[in-house]
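Q: For reference, the structure I am asking about is given below.
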Amino acid sequence: MTSDILSLDPAGIDGSWYVDTTRFARDTSWLNTPMTVYSGVGVGLFVVFMVIGWWLARRRDASVMAAALAVPFVAVIAYVVNDAIKLIISERRPCYRFPSAFLLEKCPAPDDYSFPSNHTVVVFAMAVALLVVNRRLGIWAFVAATIMGISRVYVGAHYPHDVLAGAIVGVVVGYFTAILLRRYVTPLVNRLSDGPLRPVLTAAAPVHT
């Protein structure tokens with residue numbers, strides 16, 4: 001069963017959607033630059049979200065601060081898990097299957113595999129972790145993550161199923177990692193909040209006894 005899954009032709013899943021999307025990119029030159037820039041460096045927006053999450057968490061309790069501090073670790077763990085999946089599946093990029101497709105991003109090396117999309121996994125993992133910190137911030141992060149996923153197909157870097165799988169992996173890994181880290185980091189935040197790091201961890205005034 002596993003060998004059958006690994007031998008599937010990814011182009012047969014949604015290759016036509018991939019080609020249609022790259023044609024759409026060719027016909028919307030006005031959108032090329034914004035999508036290319038966002039696809040490449042849009043992860044930086046999530047660093048901004050992360051800082052906002054930390055700032056908001058300073059006005060909440062230790063568990064919320066622990067969740068905010070967990071966000072960068074969630075991103076790293078999601079990336080590592082996804083990289084392992086990519087090595088196991090070893091799906092070649094669609095640019096090799098469709099060499100005449102309109103590409104806005106250079107075709108990567110053959111050993112830079114496609115499934116699932118690393119960009120998508122990381123931003124969805126961060127989005128769900130931010131949702132644990134602040135619901136409104138998390139929703140905005142999910143919107144930004146969705147655009148990131150779309151942009152990865154638009155620039156020709158991934159099949160649509162790479163992005164869909166990336167979103168699922170990101171949400172699952174991000175959620176469980178964020179919950180576990182919040183559980184185990186909260187006591188540490190409580191202890192450190194009584195020391196020199198207090199201004200970083202909470203905006204509450206110290207309680208004098």
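Here, A, B, ... name the chains of the structure tokens in the order displayed, residue numbers run from 1 inside each chain, and ligands are numbered from 1 in the same displayed order.
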If you run DSSP on the backbone, which residues of region 43-112 of chain A are helix (DSSP H, G or I), as a count of residues only?
A: 47
Q: Sorted by chain and rising residue number, list the residues of region 127-167 of chain A at most 9 Å from region 40-47 of chain A (counting only C-alpha atoms), each with its closest atom pair and distance in Å to one decimal, as a Markdown table.
A:
```
| residue | atom | partner | partner_atom | distance |
| --- | --- | --- | --- | --- |
| A:Ala127 | CA | A:Phe46 | CA | 8.0 |
| A:Ala141 | CA | A:Phe46 | CA | 7.2 |
| A:Ala144 | CA | A:Leu45 | CA | 8.3 |
| A:Ala145 | CA | A:Val43 | CA | 8.8 |
| A:Met148 | CA | A:Gly42 | CA | 7.1 |
| A:Arg152 | CA | A:Gly40 | CA | 8.8 |
```
Q: Contacts of Ser100 (chain A) at 10 Å or less, counting only C-alpha atoms, minus same-chain residues fewer than 4 places along, as a count of residues only?
A: 3
Q: From the set A:Ser63, A:Thr28, A:Ser90, A:Ser16, which residue has the shortest atom-to-atom contact distance to Asn190 (chain A), counting only C-alpha atoms?
A: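 Among A:Ser63, A:Thr28, A:Ser90, A:Ser16, it is A:Ser63 that comes nearest to Asn190 (chain A).
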Q: In Å to one decimal, how far is CA of Leu137 (chain A) from CA of Leu180 (chain A)?
A: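 Rounded to one decimal, the two atoms are 20.3 Å apart.
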Q: Skipping near chain neighbours, those fewer than 5 positions away, what residues fall within 9 Å of region 107-124 of chain A using only C-alpha atoms, listed as number ranges by chain?
A: A: 39-40, 43, 46, 74-79, 82-83, 85-87, 89-96, 129, 141-142, 144-146, 148-149, 152, 156-159, 161-171, 173-174
Q: What's around Leu56 (chain A) at 10 Å? Count only C-alpha atoms, leave out sequence neighbours fewer than 5 positions away in its own chain, and write the answer as a list in words.
A: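 Once the adjacent positions are removed, what remains is Met50, Val51, Val64, Met65, Ala68, Val133, Asn134, Leu137, Thr202 and Ala203 of chain A.
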Q: Put those residues in a file: N, CA, C and O atoms, as a PDB file, in the first residue's frame.
A:
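Printed below is selection-v5.pdb as written:
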```pdb
ATOM      1  N   MET A  50       4.177  37.424  15.486  1.00  0.00           N
ATOM      2  CA  MET A  50       4.730  36.811  16.687  1.00  0.00           C
ATOM      3  C   MET A  50       5.050  37.865  17.742  1.00  0.00           C
ATOM      4  O   MET A  50       4.765  37.684  18.928  1.00  0.00           O
ATOM      5  N   VAL A  51       5.624  38.983  17.310  1.00  0.00           N
ATOM      6  CA  VAL A  51       5.948  40.081  18.230  1.00  0.00           C
ATOM      7  C   VAL A  51       4.659  40.685  18.802  1.00  0.00           C
ATOM      8  O   VAL A  51       4.577  40.977  19.998  1.00  0.00           O
ATOM      9  N   VAL A  64      -0.789  32.278  28.684  1.00  0.00           N
ATOM     10  CA  VAL A  64      -0.853  32.958  27.387  1.00  0.00           C
ATOM     11  C   VAL A  64       0.546  33.393  26.958  1.00  0.00           C
ATOM     12  O   VAL A  64       0.921  33.264  25.785  1.00  0.00           O
ATOM     13  N   MET A  65       1.353  33.885  27.900  1.00  0.00           N
ATOM     14  CA  MET A  65       2.725  34.243  27.569  1.00  0.00           C
ATOM     15  C   MET A  65       3.515  33.018  27.136  1.00  0.00           C
ATOM     16  O   MET A  65       4.316  33.073  26.203  1.00  0.00           O
ATOM     17  N   ALA A  68       2.675  32.360  23.630  1.00  0.00           N
ATOM     18  CA  ALA A  68       3.317  33.324  22.738  1.00  0.00           C
ATOM     19  C   ALA A  68       4.794  32.978  22.527  1.00  0.00           C
ATOM     20  O   ALA A  68       5.313  33.056  21.406  1.00  0.00           O
ATOM     21  N   VAL A 133      -2.799  32.133  21.313  1.00  0.00           N
ATOM     22  CA  VAL A 133      -2.428  33.359  22.033  1.00  0.00           C
ATOM     23  C   VAL A 133      -3.560  34.377  22.007  1.00  0.00           C
ATOM     24  O   VAL A 133      -3.957  34.927  23.043  1.00  0.00           O
ATOM     25  N   ASN A 134      -4.088  34.628  20.797  1.00  0.00           N
ATOM     26  CA  ASN A 134      -5.122  35.641  20.628  1.00  0.00           C
ATOM     27  C   ASN A 134      -5.957  35.282  19.395  1.00  0.00           C
ATOM     28  O   ASN A 134      -5.399  35.131  18.300  1.00  0.00           O
ATOM     29  N   LEU A 137      -5.821  37.787  16.347  1.00  0.00           N
ATOM     30  CA  LEU A 137      -4.496  37.743  15.720  1.00  0.00           C
ATOM     31  C   LEU A 137      -4.322  36.443  14.941  1.00  0.00           C
ATOM     32  O   LEU A 137      -3.787  36.437  13.825  1.00  0.00           O
ATOM     33  N   THR A 202       5.549  40.142  31.566  1.00  0.00           N
ATOM     34  CA  THR A 202       4.243  40.625  32.011  1.00  0.00           C
ATOM     35  C   THR A 202       4.244  42.128  32.150  1.00  0.00           C
ATOM     36  O   THR A 202       5.261  42.731  32.509  1.00  0.00           O
ATOM     37  N   ALA A 203       3.082  42.719  31.901  1.00  0.00           N
ATOM     38  CA  ALA A 203       2.914  44.155  32.089  1.00  0.00           C
ATOM     39  C   ALA A 203       2.238  44.451  33.413  1.00  0.00           C
ATOM     40  O   ALA A 203       2.018  45.612  33.763  1.00  0.00           O
TER      41      ALA A 203
END
```
Q: Can you pull out every residue within 8 Å of Met35 (chain A), counting only C-alpha atoms, but drop anything in the same chain fewer than 3 positions away, and send it as a list in words?
A: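 What passes the distance filter is Leu31, Asn32, Tyr38, Ser39, Ser151, Tyr154 and Val155 of chain A.
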Q: Rounded to one decimal place, report the CA of Val153 (chain A)-CA of Asp20 (chain A) distance in Å.
A: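 CA of Val153 (chain A) sits 10.1 Å away from CA of Asp20 (chain A).
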Q: Using only C-alpha atoms, which of A:Ala101, A:Val172, A:Val80, A:Ala66 sits nearest Phe24 (chain A)?
A: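 Smallest distance to Phe24 (chain A) is found for A:Ala101.
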